[in-house]
$ cat final_9.cif   # mmCIF, C-alpha atoms and all ligand atoms
data_final
loop_
_atom_site.group_PDB
_atom_site.id
_atom_site.type_symbol
_atom_site.label_atom_id
_atom_site.label_comp_id
_atom_site.auth_asym_id
_atom_site.auth_seq_id
_atom_site.Cartn_x
_atom_site.Cartn_y
_atom_site.Cartn_z
ATOM 1 C CA MET A 1 9.394 -35.723 -4.483
ATOM 2 C CA ASN A 2 8.480 -34.448 -7.921
ATOM 3 C CA LEU A 3 6.847 -31.124 -7.026
ATOM 4 C CA THR A 4 6.735 -28.297 -9.555
ATOM 5 C CA LEU A 5 5.263 -24.917 -8.726
ATOM 6 C CA TYR A 6 4.177 -22.511 -11.442
ATOM 7 C CA HIS A 7 4.158 -19.108 -9.825
ATOM 8 C CA SER A 8 5.236 -15.511 -9.813
ATOM 9 C CA VAL A 9 7.337 -14.213 -6.911
ATOM 10 C CA GLU A 10 5.171 -11.116 -6.681
ATOM 11 C CA SER A 11 1.867 -12.919 -6.423
ATOM 12 C CA THR A 12 0.452 -13.015 -2.896
ATOM 13 C CA CYS A 13 -1.504 -16.240 -3.430
ATOM 14 C CA ALA A 14 1.621 -17.994 -4.697
ATOM 15 C CA GLN A 15 3.660 -16.635 -1.771
ATOM 16 C CA LYS A 16 1.409 -18.429 0.702
ATOM 17 C CA VAL A 17 2.083 -21.748 -1.060
ATOM 18 C CA ARG A 18 5.848 -21.196 -1.084
ATOM 19 C CA ILE A 19 5.734 -20.328 2.631
ATOM 20 C CA ALA A 20 3.758 -23.520 3.402
ATOM 21 C CA MET A 21 6.097 -25.692 1.301
ATOM 22 C CA ALA A 22 9.233 -24.230 2.866
ATOM 23 C CA THR A 23 7.775 -24.509 6.392
ATOM 24 C CA LYS A 24 7.352 -28.210 5.601
ATOM 25 C CA ASP A 25 10.945 -28.310 4.406
ATOM 26 C CA LEU A 26 9.927 -29.579 0.955
ATOM 27 C CA ASP A 27 12.055 -29.351 -2.180
ATOM 28 C CA TRP A 28 10.392 -28.204 -5.338
ATOM 29 C CA GLU A 29 11.165 -27.027 -8.806
ATOM 30 C CA GLU A 30 9.819 -23.667 -9.791
ATOM 31 C CA LEU A 31 8.626 -22.258 -13.062
ATOM 32 C CA ARG A 32 8.192 -18.524 -12.880
ATOM 33 C CA LEU A 33 5.574 -16.904 -15.066
ATOM 34 C CA ASN A 34 5.827 -13.253 -16.012
ATOM 35 C CA LEU A 35 2.229 -12.124 -15.499
ATOM 36 C CA ARG A 36 2.881 -8.670 -16.952
ATOM 37 C CA LYS A 37 4.050 -10.326 -20.171
ATOM 38 C CA GLY A 38 0.906 -12.491 -20.198
ATOM 39 C CA GLU A 39 2.713 -15.825 -19.827
ATOM 40 C CA GLN A 40 -0.298 -17.122 -17.838
ATOM 41 C CA PHE A 41 -2.296 -17.098 -21.099
ATOM 42 C CA ALA A 42 0.030 -19.505 -22.924
ATOM 43 C CA PRO A 43 -2.028 -22.457 -24.261
ATOM 44 C CA GLU A 44 0.213 -24.992 -22.479
ATOM 45 C CA TYR A 45 -0.346 -23.255 -19.128
ATOM 46 C CA LEU A 46 -4.110 -22.937 -19.721
ATOM 47 C CA LYS A 47 -4.249 -26.734 -19.852
ATOM 48 C CA LEU A 48 -2.977 -26.792 -16.250
ATOM 49 C CA ASN A 49 -4.896 -23.761 -15.059
ATOM 50 C CA PRO A 50 -7.886 -22.773 -17.252
ATOM 51 C CA LYS A 51 -8.388 -19.585 -15.203
ATOM 52 C CA ALA A 52 -4.975 -18.330 -16.376
ATOM 53 C CA VAL A 53 -3.770 -17.555 -12.859
ATOM 54 C CA VAL A 54 -0.904 -18.653 -10.612
ATOM 55 C CA PRO A 55 -0.140 -20.704 -8.605
ATOM 56 C CA THR A 56 -0.443 -24.229 -9.979
ATOM 57 C CA LEU A 57 1.292 -27.157 -8.318
ATOM 58 C CA VAL A 58 2.108 -30.263 -10.320
ATOM 59 C CA HIS A 59 2.780 -33.316 -8.162
ATOM 60 C CA GLU A 60 3.350 -36.772 -9.617
ATOM 61 C CA GLY A 61 1.886 -35.561 -12.897
ATOM 62 C CA VAL A 62 -1.310 -34.168 -11.340
ATOM 63 C CA ALA A 63 -2.039 -30.438 -11.592
ATOM 64 C CA ILE A 64 -3.557 -28.842 -8.499
ATOM 65 C CA ARG A 65 -4.766 -25.269 -8.574
ATOM 66 C CA GLU A 66 -6.222 -22.714 -6.140
ATOM 67 C CA SER A 67 -3.684 -21.740 -3.509
ATOM 68 C CA SER A 68 -5.817 -22.829 -0.514
ATOM 69 C CA VAL A 69 -6.581 -26.173 -2.143
ATOM 70 C CA ILE A 70 -2.855 -26.582 -2.845
ATOM 71 C CA ASN A 71 -1.971 -25.859 0.794
ATOM 72 C CA GLU A 72 -4.542 -28.395 2.061
ATOM 73 C CA TYR A 73 -3.186 -30.927 -0.446
ATOM 74 C CA LEU A 74 0.358 -30.338 0.813
ATOM 75 C CA GLU A 75 -0.870 -30.862 4.357
ATOM 76 C CA ASP A 76 -2.533 -34.157 3.364
ATOM 77 C CA ARG A 77 0.469 -35.477 1.456
ATOM 78 C CA PHE A 78 3.253 -34.065 3.637
ATOM 79 C CA PRO A 79 1.785 -33.889 7.146
ATOM 80 C CA GLN A 80 5.023 -32.973 8.955
ATOM 81 C CA PRO A 81 5.291 -30.513 10.527
ATOM 82 C CA PRO A 82 1.519 -30.173 10.864
ATOM 83 C CA LEU A 83 0.087 -26.864 9.669
ATOM 84 C CA ARG A 84 -3.465 -27.747 10.733
ATOM 85 C CA PRO A 85 -4.247 -27.589 14.449
ATOM 86 C CA ALA A 86 -5.226 -30.912 16.069
ATOM 87 C CA ASP A 87 -8.336 -29.480 17.720
ATOM 88 C CA ALA A 88 -11.473 -29.324 15.515
ATOM 89 C CA ALA A 89 -12.559 -25.879 16.742
ATOM 90 C CA ALA A 90 -9.090 -24.450 16.088
ATOM 91 C CA ARG A 91 -9.163 -26.036 12.612
ATOM 92 C CA ALA A 92 -12.477 -24.324 11.969
ATOM 93 C CA ARG A 93 -10.952 -20.983 13.033
ATOM 94 C CA MET A 94 -7.996 -21.599 10.720
ATOM 95 C CA ARG A 95 -10.266 -22.461 7.786
ATOM 96 C CA LEU A 96 -12.468 -19.432 8.383
ATOM 97 C CA ILE A 97 -9.460 -17.122 8.095
ATOM 98 C CA VAL A 98 -8.366 -18.884 4.888
ATOM 99 C CA LYS A 99 -11.920 -18.570 3.510
ATOM 100 C CA ILE A 100 -12.186 -14.857 4.298
ATOM 101 C CA ILE A 101 -8.867 -14.369 2.517
ATOM 102 C CA ASP A 102 -10.061 -16.275 -0.563
ATOM 103 C CA ASP A 103 -13.504 -14.651 -0.672
ATOM 104 C CA GLU A 104 -12.757 -11.079 0.340
ATOM 105 C CA ILE A 105 -9.106 -10.264 0.937
ATOM 106 C CA HIS A 106 -7.610 -11.626 -2.267
ATOM 107 C CA PRO A 107 -9.988 -9.526 -4.429
ATOM 108 C CA ALA A 108 -9.604 -6.497 -2.112
ATOM 109 C CA ILE A 109 -5.801 -6.573 -2.255
ATOM 110 C CA GLY A 110 -6.072 -7.178 -6.007
ATOM 111 C CA VAL A 111 -8.141 -4.014 -6.508
ATOM 112 C CA LEU A 112 -5.884 -1.894 -4.295
ATOM 113 C CA SER A 113 -2.669 -3.259 -5.847
ATOM 114 C CA TYR A 114 -4.110 -2.524 -9.260
ATOM 115 C CA ALA A 115 -5.124 0.991 -8.246
ATOM 116 C CA VAL A 116 -1.888 1.910 -6.475
ATOM 117 C CA PHE A 117 0.825 0.443 -8.705
ATOM 118 C CA LEU A 118 -0.139 -2.217 -11.248
ATOM 119 C CA ARG A 119 -1.945 0.109 -13.622
ATOM 120 C CA HIS A 120 0.999 2.528 -13.609
ATOM 121 C CA GLN A 121 3.410 -0.335 -14.203
ATOM 122 C CA MET A 122 1.270 -1.655 -17.062
ATOM 123 C CA ASN A 123 0.816 1.789 -18.622
ATOM 124 C CA ALA A 124 4.580 2.269 -18.560
ATOM 125 C CA ARG A 125 5.252 -1.088 -20.221
ATOM 126 C CA MET A 126 2.371 -1.635 -22.641
ATOM 127 C CA THR A 127 0.921 0.171 -25.619
ATOM 128 C CA PRO A 128 -2.861 0.841 -25.590
ATOM 129 C CA ASP A 129 -3.308 -2.033 -28.083
ATOM 130 C CA GLU A 130 -1.337 -4.415 -25.863
ATOM 131 C CA LEU A 131 -3.454 -3.351 -22.882
ATOM 132 C CA ARG A 132 -6.682 -4.015 -24.786
ATOM 133 C CA GLU A 133 -5.354 -7.438 -25.789
ATOM 134 C CA HIS A 134 -4.336 -8.168 -22.181
ATOM 135 C CA PHE A 135 -7.845 -7.499 -20.868
ATOM 136 C CA ARG A 136 -9.428 -9.416 -23.748
ATOM 137 C CA ARG A 137 -7.539 -12.530 -22.646
ATOM 138 C CA VAL A 138 -8.705 -12.419 -18.983
ATOM 139 C CA THR A 139 -10.962 -15.476 -18.931
ATOM 140 C CA ASP A 140 -13.342 -14.494 -16.089
ATOM 141 C CA PRO A 141 -15.634 -11.625 -17.245
ATOM 142 C CA ALA A 142 -16.240 -10.304 -13.682
ATOM 143 C CA ARG A 143 -12.502 -10.217 -13.027
ATOM 144 C CA ARG A 144 -11.930 -8.473 -16.383
ATOM 145 C CA GLU A 145 -14.520 -5.801 -15.586
ATOM 146 C CA ARG A 146 -13.079 -5.197 -12.103
ATOM 147 C CA GLN A 147 -9.561 -4.897 -13.488
ATOM 148 C CA GLN A 148 -10.572 -2.550 -16.302
ATOM 149 C CA SER A 149 -12.541 -0.259 -14.012
ATOM 150 C CA THR A 150 -9.660 -0.076 -11.532
ATOM 151 C CA HIS A 151 -7.216 0.466 -14.369
ATOM 152 C CA GLU A 152 -9.184 3.502 -15.543
ATOM 153 C CA LYS A 153 -10.271 5.036 -12.246
ATOM 154 C CA GLY A 154 -7.582 3.932 -9.780
ATOM 155 C CA LEU A 155 -8.469 4.571 -6.144
ATOM 156 C CA GLU A 156 -11.665 6.300 -7.280
ATOM 157 C CA SER A 157 -12.980 3.087 -8.812
ATOM 158 C CA PRO A 158 -16.142 1.753 -7.122
ATOM 159 C CA GLY A 159 -14.300 -1.285 -5.735
ATOM 160 C CA ALA A 160 -11.555 0.596 -3.873
ATOM 161 C CA ALA A 161 -13.613 1.862 -0.899
ATOM 162 C CA GLY A 162 -15.182 -1.580 -0.460
ATOM 163 C CA ALA A 163 -11.714 -3.123 -0.545
ATOM 164 C CA VAL A 164 -10.449 -0.947 2.324
ATOM 165 C CA ALA A 165 -13.608 -1.734 4.316
ATOM 166 C CA ALA A 166 -13.036 -5.477 3.758
ATOM 167 C CA LEU A 167 -9.477 -5.118 5.032
ATOM 168 C CA GLN A 168 -10.677 -3.222 8.080
ATOM 169 C CA ARG A 169 -13.073 -6.082 8.933
ATOM 170 C CA PHE A 170 -10.335 -8.634 8.298
ATOM 171 C CA VAL A 171 -7.881 -6.906 10.632
ATOM 172 C CA ALA A 172 -10.569 -6.883 13.364
ATOM 173 C CA HIS A 173 -11.099 -10.603 12.743
ATOM 174 C CA LEU A 174 -7.357 -11.279 13.066
ATOM 175 C CA ASP A 175 -7.288 -9.302 16.311
ATOM 176 C CA ASP A 176 -10.171 -11.379 17.735
ATOM 177 C CA SER A 177 -8.517 -14.608 16.587
ATOM 178 C CA LEU A 178 -5.244 -13.647 18.271
ATOM 179 C CA ASP A 179 -7.121 -12.749 21.442
ATOM 180 C CA GLN A 180 -8.856 -16.144 21.453
ATOM 181 C CA ALA A 181 -5.593 -17.934 20.713
ATOM 182 C CA ALA A 182 -3.848 -16.098 23.550
ATOM 183 C CA GLN A 183 -6.567 -17.167 25.973
ATOM 184 C CA ILE A 184 -6.462 -20.844 25.125
ATOM 185 C CA THR A 185 -2.685 -21.162 24.982
ATOM 186 C CA ALA A 186 -0.786 -19.714 27.877
ATOM 187 C CA ASP A 187 1.295 -18.226 25.070
ATOM 188 C CA ARG A 188 1.528 -14.472 24.882
ATOM 189 C CA GLU A 189 2.813 -14.726 21.342
ATOM 190 C CA PRO A 190 0.010 -16.691 19.681
ATOM 191 C CA TRP A 191 -0.447 -17.611 16.045
ATOM 192 C CA LEU A 192 -3.771 -17.038 14.340
ATOM 193 C CA ALA A 193 -5.291 -20.448 15.120
ATOM 194 C CA GLY A 194 -3.585 -21.195 18.433
ATOM 195 C CA ASP A 195 -0.125 -21.829 19.785
ATOM 196 C CA ARG A 196 1.291 -23.248 16.533
ATOM 197 C CA TYR A 197 1.939 -21.748 13.148
ATOM 198 C CA SER A 198 -0.795 -22.881 10.737
ATOM 199 C CA LEU A 199 -2.052 -22.505 7.180
ATOM 200 C CA ALA A 200 -3.962 -19.414 8.406
ATOM 201 C CA ASP A 201 -0.682 -17.639 9.210
ATOM 202 C CA ALA A 202 0.879 -18.732 5.899
ATOM 203 C CA ALA A 203 -2.189 -17.444 4.034
ATOM 204 C CA ALA A 204 -2.558 -14.137 5.868
ATOM 205 C CA VAL A 205 1.018 -12.871 5.968
ATOM 206 C CA PRO A 206 1.514 -12.129 2.222
ATOM 207 C CA TYR A 207 -1.698 -10.083 2.124
ATOM 208 C CA MET A 208 -0.825 -8.138 5.258
ATOM 209 C CA VAL A 209 2.676 -7.436 3.932
ATOM 210 C CA ARG A 210 1.097 -6.130 0.725
ATOM 211 C CA ALA A 211 -1.439 -4.059 2.711
ATOM 212 C CA ARG A 212 1.475 -2.526 4.601
ATOM 213 C CA ALA A 213 3.289 -1.715 1.344
ATOM 214 C CA LEU A 214 0.147 -0.035 -0.006
ATOM 215 C CA GLY A 215 0.051 2.355 2.972
ATOM 216 C CA LEU A 216 -2.731 0.640 4.945
ATOM 217 C CA THR A 217 -0.843 0.238 8.258
ATOM 218 C CA PRO A 218 -3.240 2.720 9.994
ATOM 219 C CA LEU A 219 -5.845 -0.077 9.846
ATOM 220 C CA TRP A 220 -4.025 -1.872 12.665
ATOM 221 C CA ALA A 221 -2.312 1.059 14.404
ATOM 222 C CA ALA A 222 -4.668 0.636 17.381
ATOM 223 C CA ARG A 223 -4.359 -3.170 17.375
ATOM 224 C CA PRO A 224 -0.891 -3.962 18.768
ATOM 225 C CA ALA A 225 -1.507 -7.731 18.797
ATOM 226 C CA VAL A 226 -1.956 -7.664 15.006
ATOM 227 C CA GLY A 227 1.236 -5.634 14.509
ATOM 228 C CA ALA A 228 3.194 -8.002 16.768
ATOM 229 C CA TRP A 229 1.789 -11.087 14.983
ATOM 230 C CA LEU A 230 2.662 -9.575 11.588
ATOM 231 C CA GLN A 231 6.260 -9.042 12.672
ATOM 232 C CA ARG A 232 6.508 -12.656 13.919
ATOM 233 C CA ALA A 233 4.941 -13.980 10.720
ATOM 234 C CA VAL A 234 7.309 -11.903 8.552
ATOM 235 C CA ASP A 235 10.303 -13.120 10.598
ATOM 236 C CA HIS A 236 9.108 -16.709 10.152
ATOM 237 C CA ALA A 237 8.786 -16.300 6.364
ATOM 238 C CA GLN A 238 12.097 -14.503 5.973
ATOM 239 C CA ALA A 239 13.944 -17.221 7.908
ATOM 240 C CA LEU A 240 12.790 -19.854 5.381
ATOM 241 C CA PRO A 241 15.083 -20.920 2.547
ATOM 242 C CA VAL A 242 12.916 -19.112 -0.015
ATOM 243 C CA GLY A 243 14.483 -16.321 -2.018
ATOM 244 C CA GLU A 244 12.427 -13.152 -2.455
ATOM 245 C CA VAL A 245 9.681 -14.581 -0.259
ATOM 246 C CA PHE A 246 7.518 -11.456 -0.607
ATOM 247 C CA GLY A 247 8.894 -10.414 -4.011
ATOM 248 C CA SER A 248 12.126 -8.898 -5.273
ATOM 249 C CA ASP A 249 13.790 -5.751 -3.926
ATOM 250 C CA ALA A 250 13.134 -4.053 -7.267
ATOM 251 C CA PHE A 251 9.435 -4.902 -6.906
ATOM 252 C CA HIS A 252 9.311 -3.448 -3.372
ATOM 253 C CA ALA A 253 11.085 -0.283 -4.537
ATOM 254 C CA MET A 254 8.617 0.109 -7.426
ATOM 255 C CA VAL A 255 5.606 -0.399 -5.109
ATOM 256 C CA ALA A 256 7.013 2.084 -2.576
ATOM 257 C CA GLU A 257 7.430 4.735 -5.255
ATOM 258 C CA TYR A 258 3.863 4.449 -6.537
ATOM 259 C CA ALA A 259 2.448 4.062 -3.011
ATOM 260 C CA GLU A 260 3.994 7.421 -2.114
ATOM 261 C CA GLN A 261 2.450 8.977 -5.210
ATOM 262 C CA GLU A 262 -0.980 7.501 -4.383
ATOM 263 C CA ALA A 263 -0.776 8.144 -0.606
ATOM 264 C CA PRO A 264 -3.313 11.029 -0.596
ATOM 265 C CA GLY A 265 -5.920 8.774 -2.246
ATOM 266 C CA VAL A 266 -5.218 5.961 0.227
ATOM 267 C CA GLU A 267 -5.548 8.408 3.116
ATOM 268 C CA THR A 268 -8.914 9.650 1.819
ATOM 269 C CA LEU A 269 -10.193 6.067 1.652
ATOM 270 C CA LEU A 270 -8.873 5.277 5.147
ATOM 271 C CA LYS A 271 -10.578 8.356 6.555
ATOM 272 C CA ALA A 272 -13.894 7.512 4.892
ATOM 273 C CA THR A 273 -13.680 3.895 6.149
ATOM 274 C CA ALA A 274 -12.898 5.021 9.709
ATOM 275 C CA GLU A 275 -15.908 7.373 9.681
ATOM 276 C CA VAL A 276 -18.278 4.597 8.628
ATOM 277 C CA GLY A 277 -16.723 2.386 11.341
HETATM 278 N N1 LIG B 1 -8.140 -18.028 -6.059
HETATM 279 C C1 LIG B 1 -6.904 -18.148 -6.801
HETATM 280 C C2 LIG B 1 -6.485 -16.753 -7.245
HETATM 281 C C3 LIG B 1 -5.333 -16.788 -8.204
HETATM 282 C C4 LIG B 1 -4.948 -15.402 -8.705
HETATM 283 O O1 LIG B 1 -5.769 -14.484 -8.767
HETATM 284 N N2 LIG B 1 -3.654 -15.266 -9.040
HETATM 285 C C5 LIG B 1 -3.156 -13.985 -9.536
HETATM 286 C C6 LIG B 1 -1.869 -13.621 -8.814
HETATM 287 S S1 LIG B 1 -2.107 -13.412 -7.075
HETATM 288 C C7 LIG B 1 -2.847 -14.108 -11.022
HETATM 289 O O2 LIG B 1 -2.372 -15.132 -11.464
HETATM 290 N N3 LIG B 1 -3.135 -13.061 -11.799
HETATM 291 C C8 LIG B 1 -2.914 -13.085 -13.195
HETATM 292 C C9 LIG B 1 -3.690 -12.022 -13.905
HETATM 293 O O3 LIG B 1 -4.245 -11.159 -13.231
HETATM 294 O O4 LIG B 1 -3.745 -12.037 -15.145
HETATM 295 C C10 LIG B 1 -5.835 -18.801 -5.924
HETATM 296 O O5 LIG B 1 -5.846 -18.558 -4.704
HETATM 297 O O6 LIG B 1 -5.011 -19.572 -6.441
#
$ encode --input "final_9.cif" --output "structure tokens" --more "lines below"
Ligand SMILES: N[C@@H](CCC(=O)N[C@@H](CS)C(=O)NCC(=O)O)C(=O)O
Amino acid sequence: MNLTLYHSVESTCAQKVRIAMATKDLDWEELRLNLRKGEQFAPEYLKLNPKAVVPTLVHEGVAIRESSVINEYLEDRFPQPPLRPADAAARARMRLIVKIIDDEIHPAIGVLSYAVFLRHQMNARMTPDELREHFRRVTDPARRERQQSTHEKGLESPGAAGAVAALQRFVAHLDDSLDQAAQITADREPWLAGDRYSLADAAAVPYMVRARALGLTPLWAARPAVGAWLQRAVDHAQALPVGEVFGSDAFHAMVAEYAEQEAPGVETLLKATAEVG
């Protein structure tokens, strides 16, 4: 089969690829990169992924990057079981969810992860010189600026409030999608794009699991269909033969500790977002 995935177990965008591959019952080799140690900046890896990010899939000698592109590629090359609905309108709904995740939710979860735990983790492990060097090597200037601002200001950085608002809109979109799916399938336990698990579910679940770990569950407290879907999607992922599907236990314990410390800031942002509506 000759599939090699460069990834990090903690990275949400790599998790969605591992979930799609395992749902398709594929075998792959993995090469784990330690992002905190800057292994994504190694010259050999930059040849595969010039943006210095994970995941990258290498199949038959060809490097494919961008998690959503990778998942579509997997669907094209390994169509069974299908993770794209047959119906064109349902496919469009699936792709819209994937697009919102790529455009808005990935950066939003990135900012909030940075603010809640990553900056503390990096401060504990790196000297100020190492930190400066880390940011210098981030290839995309906009990404570098966003990361540096969040590193300095945490949940008070300009991006944090916008990130919670983006998640609030996303959760409402998931709720609508589940409602639509429930109407067109007699199924009371729908997936995001209909009656079958799709690439939309594989893409959304890592971000929602991370949102939950960051203390953002109140965003869907009044949306029981979203909570029920999340539980089903987590059960699906955890039943796959993928170790540490959402990251290691040590990672979850570390996130929980910092999330507790940052809970007042998260609550302030949630309150402000709820007031704006
Ligand atoms: N749009 C890209 C985003 C990739 C990305 O941002 N990956 C993160 C992990 S989720 C990363 O490698 N970060 C490394 C860094 O921040 O230096 C995709 O979906 O593949």
$ resolve_selection --input "final_9.cif" --expression "the PyMOL selection byres (((chain A and resi 121-130) around 12) and not hetatm)" --output "mmCIF file with C-alpha atoms, keeping the file's coordinate frame"
data_model
loop_
_atom_site.group_PDB
_atom_site.id
_atom_site.type_symbol
_atom_site.label_atom_id
_atom_site.label_comp_id
_atom_site.auth_asym_id
_atom_site.auth_seq_id
_atom_site.Cartn_x
_atom_site.Cartn_y
_atom_site.Cartn_z
ATOM 1 C CA LEU A 35 2.229 -12.124 -15.499
ATOM 2 C CA ARG A 36 2.881 -8.670 -16.952
ATOM 3 C CA LYS A 37 4.050 -10.326 -20.171
ATOM 4 C CA GLY A 38 0.906 -12.491 -20.198
ATOM 5 C CA SER A 113 -2.669 -3.259 -5.847
ATOM 6 C CA TYR A 114 -4.110 -2.524 -9.260
ATOM 7 C CA ALA A 115 -5.124 0.991 -8.246
ATOM 8 C CA VAL A 116 -1.888 1.910 -6.475
ATOM 9 C CA PHE A 117 0.825 0.443 -8.705
ATOM 10 C CA LEU A 118 -0.139 -2.217 -11.248
ATOM 11 C CA ARG A 119 -1.945 0.109 -13.622
ATOM 12 C CA HIS A 120 0.999 2.528 -13.609
ATOM 13 C CA LEU A 131 -3.454 -3.351 -22.882
ATOM 14 C CA ARG A 132 -6.682 -4.015 -24.786
ATOM 15 C CA GLU A 133 -5.354 -7.438 -25.789
ATOM 16 C CA HIS A 134 -4.336 -8.168 -22.181
ATOM 17 C CA PHE A 135 -7.845 -7.499 -20.868
ATOM 18 C CA ARG A 136 -9.428 -9.416 -23.748
ATOM 19 C CA ARG A 137 -7.539 -12.530 -22.646
ATOM 20 C CA GLN A 147 -9.561 -4.897 -13.488
ATOM 21 C CA GLN A 148 -10.572 -2.550 -16.302
ATOM 22 C CA HIS A 151 -7.216 0.466 -14.369
ATOM 23 C CA GLU A 152 -9.184 3.502 -15.543
ATOM 24 C CA PHE A 251 9.435 -4.902 -6.906
ATOM 25 C CA MET A 254 8.617 0.109 -7.426
ATOM 26 C CA VAL A 255 5.606 -0.399 -5.109
ATOM 27 C CA GLU A 257 7.430 4.735 -5.255
ATOM 28 C CA TYR A 258 3.863 4.449 -6.537
#
$ closest_atom_pairs --input "final_9.cif" --of "segment 94-115 of chain A" --to "segment 169-190 of chain A" --cutoff "8 Å" --atoms "only C-alpha atoms" --output "Markdown table"
| residue | atom | partner | partner_atom | distance |
| --- | --- | --- | --- | --- |
| A:Ile97 | CA | A:Leu174 | CA | 8.0 |
| A:Ile100 | CA | A:Phe170 | CA | 7.6 |
| A:Ile105 | CA | A:Phe170 | CA | 7.6 |
$ resolve_selection --input "final_9.cif" --expression "the PyMOL selection byres (((not hetatm)) within 7 of (chain B and resi 1))" --output "list in words"
Ser11, Thr12, Cys13, Ala14, Leu35, Gly38, Gln40, Ala52, Val53, Val54, Pro55, Arg65, Glu66, Ser67, Ser68, Asp102 and Val138 of chain A
$ atom_distance --input "final_9.cif" --atom1 "atom CA of Pro79 of chain A" --atom2 "atom CA of Asn2 of chain A"
16.5 Å
$ atom_distance --input "final_9.cif" --atom1 "atom CA of Thr23 of chain A" --atom2 "atom CA of Pro81 of chain A"
7.7 Å
$ resolve_selection --input "final_9.cif" --expression "the PyMOL selection byres (((chain A and resi 24) around 8) and not hetatm)" --output "MDAnalysis selection string"
chainID A and resid 20:23 25:26 78 80:81
$ atom_distance --input "final_9.cif" --atom1 "atom CA of Asp140 of chain A" --atom2 "atom CA of Val111 of chain A"
15.1 Å
$ closest_residue --input "final_9.cif" --among "A:Ala239, A:Ala274, A:Asp201, A:Lys153" --to "Leu96 of chain A" --atoms "only C-alpha atoms"
A:Asp201
